[in-house]
>>> print(open('start_1.txt').read())   # compact mmCIF, C-alpha atoms
# COMPACT_ATOMS: atom_id res chain seq x y z
CA MET A 443 -53.46 -45.08 28.36
CA THR A 444 -52.94 -46.28 24.80
CA HIS A 445 -49.68 -47.69 23.52
CA ILE A 446 -47.69 -45.97 20.83
CA LEU A 447 -46.70 -48.10 17.89
CA GLY A 448 -43.02 -49.02 18.16
CA THR A 449 -42.69 -48.15 21.89
CA GLN A 450 -44.05 -51.36 23.46
CA LYS A 451 -41.51 -53.45 25.28
CA ARG A 452 -41.62 -57.03 24.06
CA ASN A 453 -42.10 -59.63 26.78
CA PHE A 454 -40.24 -62.93 26.58
CA LYS A 455 -43.61 -64.72 26.55
CA THR A 456 -44.57 -62.94 23.33
CA TRP A 457 -41.44 -64.10 21.49
CA ASN A 458 -41.98 -66.58 18.71
CA THR A 459 -40.00 -69.79 18.23
CA TRP A 460 -37.43 -68.24 15.91
CA ASP A 461 -36.73 -65.46 18.42
CA LYS A 462 -35.99 -68.02 21.13
CA ILE A 463 -33.84 -70.15 18.81
CA PHE A 464 -31.83 -67.10 17.78
CA LEU A 465 -31.36 -66.07 21.44
CA PHE A 466 -30.20 -69.61 22.33
CA ILE A 467 -27.68 -69.65 19.46
CA LEU A 468 -26.42 -66.19 20.45
CA ILE A 469 -25.92 -67.23 24.09
CA LEU A 470 -24.22 -70.47 23.01
CA PHE A 471 -21.89 -68.62 20.62
CA THR A 472 -21.03 -66.00 23.26
CA CYS A 473 -20.25 -68.60 25.91
CA GLY A 474 -18.12 -70.58 23.46
CA PHE A 475 -16.24 -67.47 22.38
CA PHE A 476 -15.37 -66.45 25.92
CA TYR A 477 -14.48 -70.03 26.89
CA ILE A 478 -11.98 -70.28 24.03
CA LEU A 479 -10.72 -66.78 24.78
CA PHE A 480 -10.07 -67.28 28.48
CA SER A 481 -8.74 -70.83 28.08
CA SER A 482 -6.04 -69.46 25.78
CA LEU A 483 -4.88 -66.92 28.36
CA GLU A 484 -2.03 -67.73 30.68
CA ASP A 485 -1.82 -66.42 34.23
CA PHE A 486 -5.17 -64.65 33.88
CA SER A 487 -6.22 -62.65 36.96
CA ILE A 488 -9.29 -60.45 37.38
CA ARG A 489 -7.64 -58.76 40.35
CA ARG A 490 -4.59 -57.82 38.31
CA LEU A 491 -6.78 -56.33 35.60
CA PHE A 492 -8.84 -54.44 38.17
CA GLN A 493 -5.75 -52.57 39.36
CA TYR A 494 -5.48 -50.95 35.93
CA ILE A 495 -8.87 -49.36 36.68
CA ILE A 496 -8.51 -48.60 40.40
CA ASN A 497 -5.32 -48.94 42.39
CA ILE A 498 -5.57 -49.76 46.10
CA ASN A 499 -2.27 -49.06 47.81
CA GLU A 500 -0.92 -50.93 50.81
CA ASP A 501 -1.94 -48.08 53.13
CA GLY A 502 -5.55 -48.39 51.94
CA SER A 503 -5.56 -45.27 49.80
CA ILE A 504 -7.34 -45.45 46.44
CA LYS A 505 -5.84 -44.10 43.24
CA ALA A 506 -7.15 -44.08 39.69
CA GLY A 507 -5.45 -46.64 37.47
CA ILE A 508 -3.96 -45.93 34.07
CA LEU A 509 -7.07 -47.06 32.17
CA LEU A 510 -9.39 -45.02 34.38
CA ASN A 511 -7.27 -41.94 33.72
CA GLY A 512 -7.53 -42.70 30.01
CA LEU A 513 -11.29 -43.12 30.35
CA PHE A 514 -11.57 -39.70 32.01
CA MET A 515 -9.58 -38.19 29.14
CA THR A 516 -11.89 -39.87 26.60
CA ILE A 517 -14.96 -38.47 28.39
CA ARG A 518 -13.41 -35.00 28.51
CA LEU A 519 -12.39 -35.12 24.85
CA SER A 520 -15.80 -36.44 23.76
CA PHE A 521 -17.61 -33.72 25.71
CA TRP A 522 -15.72 -30.85 24.04
CA CYS A 523 -15.94 -32.52 20.62
CA LEU A 524 -19.71 -32.94 20.97
CA LEU A 525 -20.06 -29.33 22.12
CA ILE A 526 -18.26 -28.08 19.00
CA ALA A 527 -20.13 -30.59 16.82
CA PHE A 528 -23.57 -29.58 18.05
CA ILE A 529 -22.81 -25.87 17.75
CA SER A 530 -21.31 -26.08 14.25
CA GLY A 531 -23.72 -28.74 13.04
CA GLY A 532 -26.73 -26.97 14.53
CA ILE A 533 -25.86 -23.66 12.88
CA VAL A 534 -25.06 -25.18 9.47
CA GLY A 535 -28.04 -27.53 9.55
CA THR A 536 -30.48 -24.79 10.52
CA LEU A 537 -29.22 -22.30 7.96
CA SER A 538 -29.09 -24.85 5.13
CA ALA A 539 -32.63 -26.18 5.64
CA HIS A 540 -34.90 -25.53 2.63
CA LYS A 541 -31.99 -23.92 0.77
CA ARG A 542 -31.20 -24.89 -2.81
CA GLY A 543 -28.71 -23.80 -5.46
CA LEU A 544 -26.08 -21.20 -4.59
CA ALA A 545 -27.72 -20.50 -1.23
CA ALA A 546 -26.89 -24.06 -0.14
CA LEU A 547 -23.35 -24.01 -1.53
CA PRO A 548 -21.47 -22.93 1.68
CA SER A 549 -23.12 -25.66 3.76
CA LYS A 550 -22.52 -28.26 1.03
CA ILE A 551 -18.83 -27.36 0.88
CA TYR A 552 -18.53 -27.74 4.66
CA ILE A 553 -20.43 -31.01 4.79
CA LEU A 554 -19.00 -32.70 1.69
CA SER A 555 -15.38 -31.68 2.34
CA LEU A 556 -15.43 -33.11 5.87
CA ARG A 557 -17.64 -36.16 5.39
CA ASN A 558 -15.58 -37.36 2.43
CA MET A 559 -12.23 -37.06 4.18
CA PRO A 560 -10.85 -39.73 6.59
CA PRO A 561 -10.82 -38.28 10.13
CA LEU A 562 -7.27 -39.56 10.66
CA ILE A 563 -5.94 -37.54 7.71
CA LEU A 564 -7.94 -34.54 8.89
CA LEU A 565 -6.43 -34.91 12.36
CA PHE A 566 -2.91 -34.89 10.96
CA LEU A 567 -3.65 -31.79 8.87
CA VAL A 568 -5.08 -29.89 11.83
CA PHE A 569 -2.39 -31.05 14.26
CA PHE A 570 0.56 -30.08 12.07
CA PHE A 571 -1.19 -26.91 10.93
CA SER A 572 -1.77 -25.82 14.54
CA SER A 573 1.77 -26.85 15.47
CA ASN A 574 3.24 -24.60 12.79
CA LEU A 575 0.99 -21.57 13.25
CA LEU A 576 -0.22 -21.69 16.84
CA THR A 577 2.87 -22.87 18.71
CA GLU A 578 3.80 -19.47 20.14
CA LEU A 579 0.18 -18.69 21.03
CA LEU A 580 -0.25 -22.01 22.83
CA ILE A 581 3.03 -21.60 24.71
CA ASN A 582 1.98 -18.14 25.90
CA PHE A 583 -1.45 -19.45 26.89
CA GLU A 584 0.04 -22.33 28.90
CA TYR A 585 2.41 -19.86 30.56
CA TYR A 586 -0.61 -17.74 31.53
CA ILE A 587 -2.42 -20.81 32.92
CA ALA A 588 0.64 -21.75 34.98
CA LYS A 589 0.55 -18.34 36.68
CA LEU A 590 -3.06 -18.76 37.85
CA SER A 591 -4.00 -19.69 41.39
CA PRO A 592 -3.76 -23.42 42.22
CA PHE A 593 -7.57 -23.79 42.15
CA TRP A 594 -8.09 -22.31 38.67
CA LYS A 595 -4.98 -23.97 37.27
CA GLN A 596 -6.05 -27.38 38.51
CA SER A 597 -9.60 -26.80 37.27
CA PHE A 598 -8.27 -26.07 33.79
CA TYR A 599 -6.09 -29.18 33.80
CA ILE A 600 -9.04 -31.33 34.91
CA LEU A 601 -11.78 -29.88 32.71
CA VAL A 602 -9.92 -28.90 29.53
CA ALA A 603 -6.51 -30.47 29.04
CA PRO A 604 -3.72 -31.89 31.23
CA GLU A 605 -0.51 -29.96 31.54
CA GLY A 606 1.56 -30.19 28.34
CA GLN A 607 -1.31 -31.72 26.34
CA LEU A 608 -3.08 -28.54 25.22
CA ASP A 609 -1.84 -28.62 21.60
CA ARG A 610 -2.90 -32.25 21.10
CA MET A 611 -6.21 -31.72 22.86
CA LEU A 612 -6.99 -28.62 20.79
CA ALA A 613 -6.19 -30.42 17.53
CA ALA A 614 -8.38 -33.39 18.46
CA ILE A 615 -11.29 -31.19 19.58
CA ILE A 616 -11.23 -29.08 16.40
CA THR A 617 -10.89 -32.11 14.14
CA LEU A 618 -13.56 -34.33 15.66
CA GLY A 619 -15.83 -31.40 16.52
CA LEU A 620 -15.99 -30.18 12.92
CA TYR A 621 -15.97 -33.68 11.44
CA GLU A 622 -18.88 -34.93 13.56
CA GLY A 623 -20.56 -31.55 13.10
CA ALA A 624 -20.86 -32.25 9.37
CA TYR A 625 -22.97 -35.34 10.12
CA ILE A 626 -25.01 -33.52 12.76
CA ALA A 627 -25.71 -30.72 10.27
CA GLU A 628 -27.33 -33.21 7.90
CA ILE A 629 -29.37 -34.70 10.75
CA ILE A 630 -30.61 -31.26 11.83
CA ARG A 631 -31.37 -30.24 8.23
CA ALA A 632 -33.31 -33.44 7.58
CA GLY A 633 -35.23 -33.00 10.84
CA ILE A 634 -36.28 -29.46 9.95
CA GLU A 635 -37.23 -30.37 6.39
CA SER A 636 -39.32 -33.31 7.66
CA VAL A 637 -41.84 -30.79 9.01
CA SER A 638 -44.45 -30.37 6.27
CA LYS A 639 -45.14 -27.05 4.56
CA GLY A 640 -48.66 -27.20 5.95
CA GLN A 641 -47.24 -26.62 9.44
CA TRP A 642 -45.52 -23.43 8.26
CA GLU A 643 -48.65 -22.25 6.48
CA ALA A 644 -50.80 -22.96 9.54
CA GLY A 645 -48.44 -20.88 11.67
CA LYS A 646 -48.55 -17.99 9.20
CA ALA A 647 -52.34 -18.17 9.09
CA THR A 648 -52.51 -17.61 12.84
CA GLY A 649 -50.32 -14.52 12.55
CA MET A 650 -47.15 -16.03 13.99
CA THR A 651 -43.79 -14.62 12.94
CA LYS A 652 -41.16 -16.81 11.28
CA TRP A 653 -39.19 -16.92 14.52
CA LYS A 654 -42.23 -18.12 16.51
CA ILE A 655 -43.05 -20.72 13.86
CA ARG A 656 -39.50 -22.08 14.09
CA ARG A 657 -39.51 -21.92 17.90
CA TYR A 658 -42.94 -23.35 18.72
CA ILE A 659 -43.89 -25.48 15.69
CA VAL A 660 -40.83 -26.58 13.71
CA ALA A 661 -38.19 -27.02 16.44
CA PRO A 662 -40.16 -29.45 18.67
CA GLN A 663 -41.11 -31.67 15.73
CA ALA A 664 -37.63 -31.56 14.21
CA MET A 665 -36.09 -32.41 17.58
CA LYS A 666 -38.40 -35.39 17.95
CA GLN A 667 -37.29 -36.71 14.56
CA SER A 668 -33.60 -36.06 15.28
CA ILE A 669 -33.14 -37.46 18.80
CA ALA A 670 -32.33 -41.05 17.74
CA PRO A 671 -29.80 -40.19 14.97
CA LEU A 672 -28.21 -37.50 17.18
CA ALA A 673 -27.74 -40.03 19.97
CA GLY A 674 -26.19 -42.44 17.47
CA GLN A 675 -23.83 -39.75 16.20
CA SER A 676 -22.83 -38.90 19.78
CA ILE A 677 -21.91 -42.54 20.34
CA SER A 678 -19.87 -42.48 17.12
CA THR A 679 -18.02 -39.43 18.44
CA ILE A 680 -16.99 -41.34 21.56
CA LYS A 681 -15.70 -44.22 19.45
CA ASP A 682 -13.99 -41.92 16.93
CA SER A 683 -12.11 -40.22 19.77
CA ALA A 684 -9.79 -43.24 19.74
CA ILE A 685 -7.96 -41.79 16.72
CA ALA A 686 -6.52 -39.10 19.03
CA SER A 687 -4.14 -41.79 20.29
CA ILE A 688 -2.18 -41.41 17.04
CA ILE A 689 -0.99 -37.94 18.15
CA SER A 690 -0.13 -39.28 21.64
CA LEU A 691 -3.11 -37.77 23.43
CA GLN A 692 -3.42 -39.82 26.61
CA GLU A 693 -6.98 -41.05 26.14
CA LEU A 694 -8.22 -44.60 26.69
CA THR A 695 -6.82 -46.24 23.54
CA PHE A 696 -3.39 -44.62 23.97
CA GLN A 697 -3.19 -45.69 27.61
CA SER A 698 -4.22 -49.22 26.61
CA MET A 699 -1.42 -49.45 24.05
CA GLU A 700 1.08 -48.13 26.58
CA LEU A 701 -0.11 -50.70 29.12
CA ILE A 702 0.17 -53.54 26.59
CA ASN A 703 3.76 -52.54 25.81
CA VAL A 704 4.60 -52.75 29.51
CA THR A 705 2.65 -55.85 30.57
CA GLY A 706 2.37 -57.86 27.35
CA LYS A 707 -1.27 -58.66 28.25
CA THR A 708 -2.69 -57.89 24.81
CA ILE A 709 -6.03 -59.71 24.87
CA GLU A 710 -6.85 -58.85 28.48
CA ILE A 711 -6.16 -55.13 28.07
CA TRP A 712 -8.04 -54.79 24.78
CA LEU A 713 -10.99 -56.70 26.26
CA LEU A 714 -11.06 -54.36 29.26
CA THR A 715 -10.78 -51.35 26.94
CA ALA A 716 -13.67 -52.62 24.82
CA ILE A 717 -15.81 -52.96 27.97
CA CYS A 718 -15.02 -49.35 28.94
CA TYR A 719 -16.06 -48.06 25.50
CA PHE A 720 -19.18 -50.24 25.58
CA CYS A 721 -20.22 -48.88 28.98
CA LEU A 722 -19.86 -45.27 27.76
CA ALA A 723 -21.83 -45.97 24.58
CA PHE A 724 -24.50 -47.96 26.43
CA ILE A 725 -25.09 -45.20 28.98
CA LEU A 726 -25.40 -42.57 26.25
CA ASP A 727 -27.70 -44.80 24.19
CA SER A 728 -29.93 -45.45 27.22
CA LEU A 729 -30.19 -41.74 28.01
CA GLY A 730 -31.06 -40.97 24.39
CA LYS A 731 -33.81 -43.62 24.29
CA LYS A 732 -35.21 -42.48 27.63
CA TYR A 733 -35.41 -38.89 26.43
CA GLU A 734 -36.89 -39.94 23.09
CA ASN A 735 -39.63 -41.98 24.77
CA SER A 736 -40.44 -39.14 27.18
CA ILE A 737 -40.96 -36.78 24.24
CA GLN A 738 -43.24 -39.30 22.51
CA TRP A 739 -45.43 -39.77 25.60
CA LYS A 740 -45.70 -36.03 26.24
CA HIS A 741 -46.72 -35.52 22.63
CA HIS A 742 -49.52 -38.13 22.79
CA ASN A 743 -50.87 -37.52 26.32
>>> encode(input="start_1.txt", output="structure tokens")
Amino acid sequence: MTHILGTQKRNFKTWNTWDKIFLFILILFTCGFFYILFSSLEDFSIRRLFQYIININEDGSIKAGILLNGLFMTIRLSFWCLLIAFISGGIVGTLSAHKRGLAALPSKIYILSLRNMPPLILLFLVFFFSSNLLTELLINFEYYIAKLSPFWKQSFYILVAPEGQLDRMLAAIITLGLYEGAYIAEIIRAGIESVSKGQWEAGKATGMTKWKIRRYIVAPQAMKQSIAPLAGQSISTIKDSAIASIISLQELTFQSMELINVTGKTIEIWLLTAICYFCLAFILDSLGKKYENSIQWKHHN
């Protein structure tokens, strides 16, 4: 089985001298950083920090800590934001591919207006807009949810939004979903346009319809080109979800700030929060790379 250029895993034995020197300096710098960091902390306790993730009561029962609850909220928020982003970005990116002039104007307005606006300002606009126009609708909807059976009511609170947080959750989902969707639209458009015209012409020559050409020729190649940037944009969505803390949505960053105000452990809490975000991003990045490599091998075998 032949290797694909760019997919070989480099072995430590194949590293040159500069690679090893750089690795040594990086390890030395990291160790020095954490030594200075932890030596400056007073009354530092791993066990005390761990209880902010998982609480073990005196009776032996286990309860999620405040940061773990915030992490669950971040995962839930990121999931719905990515769903909206992929739907909106996929539609706009697909429809805008190979379009020029007035035909491309609607997609350009969507993409340029959102990409050139700070997400924090956009969040405020959506939040106060929804508060003014959708307040009665949201109140009625929450009243309807409260009348459901305990199973469905609890399922809604777990999967969508906690009780009393629907307006903030909705504003954050709409804002980040559409904002990240503008970037995804450009990724999808670029992926589709990366397929050469010869591929379209070859499909037409065999008698395939436009739909079949898009389905069986263009889509697989465009997806292969788009996997890496789409994974990167998904990671950015997780990190950008932190701005929802500004409207008091109880995600990871908000819970961290609340915990700092109570405990005064600024460095420890932010370090633990950074590790939580890193773990989420690392898992998503690993899944994206694994899927990307599987597509490459299937294509060449």
>>> closest_atom_pairs(input="start_1.txt", of="stretch 470-586 of chain A", to="stretch 722-726 of chain A", cutoff="12 Å", atoms="all atoms listed in the file", output="Markdown table")
| residue | atom | partner | partner_atom | distance |
| --- | --- | --- | --- | --- |
| A:Leu513 | CA | A:Leu722 | CA | 9.2 |
| A:Phe514 | CA | A:Leu722 | CA | 10.9 |
| A:Thr516 | CA | A:Leu722 | CA | 9.7 |
| A:Ile517 | CA | A:Leu722 | CA | 8.4 |
| A:Ser520 | CA | A:Leu722 | CA | 10.5 |
| A:Phe521 | CA | A:Leu726 | CA | 11.8 |
>>> closest_residue(input="start_1.txt", among="A:Ala644, A:Val637, A:Leu554, A:Leu612", to="A:Thr577", atoms="all atoms listed in the file")
A:Leu612
>>> residues_around(input="start_1.txt", residues="A:Ser638", least_positions_apart="6", cutoff="12 Å", atoms="only C-alpha atoms", output="list in words")
His540, Ala632, Ala644, Gly645, Ile659, Val660, Gln663 and Ala664 of chain A
>>> closest_atom_pairs(input="start_1.txt", of="stretch 598-715 of chain A", to="stretch 492-509 of chain A", cutoff="8 Å", atoms="all atoms listed in the file", output="Markdown table")
| residue | atom | partner | partner_atom | distance |
| --- | --- | --- | --- | --- |
| A:Leu694 | CA | A:Leu509 | CA | 6.1 |
| A:Gln697 | CA | A:Leu509 | CA | 6.1 |
| A:Ser698 | CA | A:Leu509 | CA | 6.6 |
| A:Leu701 | CA | A:Ile508 | CA | 7.9 |
| A:Thr715 | CA | A:Leu509 | CA | 7.7 |
>>> residues_around(input="start_1.txt", residues="A:Ala588", least_positions_apart="6", cutoff="12 Å", atoms="all atoms listed in the file", output="number ranges by chain")
A: 581-582, 594-599, 604-606
>>> closest_residue(input="start_1.txt", among="A:Met515, A:Ile469, A:Ala527, A:Ile463", to="A:Ala603", atoms="only C-alpha atoms")
A:Met515
>>> closest_atom_pairs(input="start_1.txt", of="stretch 539-560 of chain A", to="stretch 614-627 of chain A", cutoff="12 Å", atoms="all atoms listed in the file", output="CSV")
residue,atom,partner,partner_atom,distance
A:Ala539,CA,A:Ala627,CA,9.5
A:Ser549,CA,A:Ala627,CA,8.6
A:Lys550,CA,A:Ala624,CA,9.4
A:Ile551,CA,A:Ala624,CA,10.0
A:Tyr552,CA,A:Ala624,CA,6.9
A:Ile553,CA,A:Ala624,CA,4.8
A:Leu554,CA,A:Ala624,CA,7.9
A:Ser555,CA,A:Ala624,CA,8.9
A:Leu556,CA,A:Tyr621,CA,5.6
A:Arg557,CA,A:Ala624,CA,6.4
A:Asn558,CA,A:Tyr621,CA,9.7
A:Met559,CA,A:Tyr621,CA,8.8
A:Pro560,CA,A:Tyr621,CA,9.3
>>> closest_residue(input="start_1.txt", among="A:Asp609, A:Gln675, A:Ile629, A:Ser591", to="A:Leu576", atoms="only C-alpha atoms")
A:Asp609
>>> atom_distance(input="start_1.txt", atom1="atom CA of A:Asp727", atom2="atom CA of A:Ile677")
7.3 Å
>>> build_atoms(input="start_1.txt", residues="stretch 699-723 of chain A", atoms="N, CA and C atoms", output="PDB file, keeping the file's coordinate frame")
ATOM      1  N   MET A 699      -2.602 -49.029  24.804  1.00  0.00           N
ATOM      2  CA  MET A 699      -1.420 -49.450  24.050  1.00  0.00           C
ATOM      3  C   MET A 699      -0.152 -49.334  24.890  1.00  0.00           C
ATOM      4  N   GLU A 700      -0.065 -48.283  25.687  1.00  0.00           N
ATOM      5  CA  GLU A 700       1.080 -48.130  26.580  1.00  0.00           C
ATOM      6  C   GLU A 700       1.128 -49.272  27.593  1.00  0.00           C
ATOM      7  N   LEU A 701      -0.034 -49.635  28.129  1.00  0.00           N
ATOM      8  CA  LEU A 701      -0.110 -50.700  29.120  1.00  0.00           C
ATOM      9  C   LEU A 701       0.244 -52.050  28.505  1.00  0.00           C
ATOM     10  N   ILE A 702      -0.157 -52.284  27.282  1.00  0.00           N
ATOM     11  CA  ILE A 702       0.170 -53.540  26.590  1.00  0.00           C
ATOM     12  C   ILE A 702       1.675 -53.651  26.374  1.00  0.00           C
ATOM     13  N   ASN A 703       2.308 -52.531  26.017  1.00  0.00           N
ATOM     14  CA  ASN A 703       3.760 -52.540  25.810  1.00  0.00           C
ATOM     15  C   ASN A 703       4.512 -52.878  27.092  1.00  0.00           C
ATOM     16  N   VAL A 704       3.935 -52.503  28.229  1.00  0.00           N
ATOM     17  CA  VAL A 704       4.600 -52.750  29.510  1.00  0.00           C
ATOM     18  C   VAL A 704       4.320 -54.152  30.033  1.00  0.00           C
ATOM     19  N   THR A 705       3.048 -54.582  29.956  1.00  0.00           N
ATOM     20  CA  THR A 705       2.650 -55.850  30.570  1.00  0.00           C
ATOM     21  C   THR A 705       2.658 -57.031  29.614  1.00  0.00           C
ATOM     22  N   GLY A 706       2.470 -56.767  28.311  1.00  0.00           N
ATOM     23  CA  GLY A 706       2.370 -57.860  27.350  1.00  0.00           C
ATOM     24  C   GLY A 706       1.026 -58.560  27.364  1.00  0.00           C
ATOM     25  N   LYS A 707       0.060 -58.056  28.151  1.00  0.00           N
ATOM     26  CA  LYS A 707      -1.270 -58.660  28.250  1.00  0.00           C
ATOM     27  C   LYS A 707      -2.180 -58.074  27.161  1.00  0.00           C
ATOM     28  N   THR A 708      -1.985 -58.511  25.929  1.00  0.00           N
ATOM     29  CA  THR A 708      -2.690 -57.890  24.810  1.00  0.00           C
ATOM     30  C   THR A 708      -4.189 -58.118  24.854  1.00  0.00           C
ATOM     31  N   ILE A 709      -4.609 -59.383  24.926  1.00  0.00           N
ATOM     32  CA  ILE A 709      -6.030 -59.710  24.870  1.00  0.00           C
ATOM     33  C   ILE A 709      -6.771 -59.140  26.069  1.00  0.00           C
ATOM     34  N   GLU A 710      -6.188 -59.308  27.261  1.00  0.00           N
ATOM     35  CA  GLU A 710      -6.850 -58.850  28.480  1.00  0.00           C
ATOM     36  C   GLU A 710      -7.079 -57.339  28.464  1.00  0.00           C
ATOM     37  N   ILE A 711      -6.056 -56.593  28.053  1.00  0.00           N
ATOM     38  CA  ILE A 711      -6.160 -55.130  28.070  1.00  0.00           C
ATOM     39  C   ILE A 711      -7.157 -54.651  27.029  1.00  0.00           C
ATOM     40  N   TRP A 712      -7.094 -55.221  25.811  1.00  0.00           N
ATOM     41  CA  TRP A 712      -8.040 -54.790  24.780  1.00  0.00           C
ATOM     42  C   TRP A 712      -9.471 -55.169  25.157  1.00  0.00           C
ATOM     43  N   LEU A 713      -9.660 -56.299  25.818  1.00  0.00           N
ATOM     44  CA  LEU A 713     -10.990 -56.700  26.260  1.00  0.00           C
ATOM     45  C   LEU A 713     -11.527 -55.715  27.305  1.00  0.00           C
ATOM     46  N   LEU A 714     -10.669 -55.328  28.234  1.00  0.00           N
ATOM     47  CA  LEU A 714     -11.060 -54.360  29.260  1.00  0.00           C
ATOM     48  C   LEU A 714     -11.348 -52.995  28.634  1.00  0.00           C
ATOM     49  N   THR A 715     -10.553 -52.618  27.645  1.00  0.00           N
ATOM     50  CA  THR A 715     -10.780 -51.350  26.940  1.00  0.00           C
ATOM     51  C   THR A 715     -12.103 -51.365  26.194  1.00  0.00           C
ATOM     52  N   ALA A 716     -12.406 -52.496  25.541  1.00  0.00           N
ATOM     53  CA  ALA A 716     -13.670 -52.620  24.820  1.00  0.00           C
ATOM     54  C   ALA A 716     -14.855 -52.494  25.783  1.00  0.00           C
ATOM     55  N   ILE A 717     -14.735 -53.060  26.973  1.00  0.00           N
ATOM     56  CA  ILE A 717     -15.810 -52.960  27.970  1.00  0.00           C
ATOM     57  C   ILE A 717     -16.012 -51.510  28.391  1.00  0.00           C
ATOM     58  N   CYS A 718     -14.916 -50.765  28.558  1.00  0.00           N
ATOM     59  CA  CYS A 718     -15.020 -49.350  28.940  1.00  0.00           C
ATOM     60  C   CYS A 718     -15.749 -48.554  27.860  1.00  0.00           C
ATOM     61  N   TYR A 719     -15.379 -48.763  26.591  1.00  0.00           N
ATOM     62  CA  TYR A 719     -16.060 -48.060  25.500  1.00  0.00           C
ATOM     63  C   TYR A 719     -17.539 -48.480  25.421  1.00  0.00           C
ATOM     64  N   PHE A 720     -17.796 -49.761  25.624  1.00  0.00           N
ATOM     65  CA  PHE A 720     -19.180 -50.240  25.580  1.00  0.00           C
ATOM     66  C   PHE A 720     -20.021 -49.594  26.666  1.00  0.00           C
ATOM     67  N   CYS A 721     -19.472 -49.483  27.868  1.00  0.00           N
ATOM     68  CA  CYS A 721     -20.220 -48.880  28.980  1.00  0.00           C
ATOM     69  C   CYS A 721     -20.562 -47.420  28.671  1.00  0.00           C
ATOM     70  N   LEU A 722     -19.594 -46.669  28.125  1.00  0.00           N
ATOM     71  CA  LEU A 722     -19.860 -45.270  27.760  1.00  0.00           C
ATOM     72  C   LEU A 722     -20.965 -45.184  26.708  1.00  0.00           C
ATOM     73  N   ALA A 723     -20.852 -45.999  25.666  1.00  0.00           N
ATOM     74  CA  ALA A 723     -21.830 -45.970  24.580  1.00  0.00           C
ATOM     75  C   ALA A 723     -23.204 -46.429  25.074  1.00  0.00           C
TER      76      ALA A 723
END
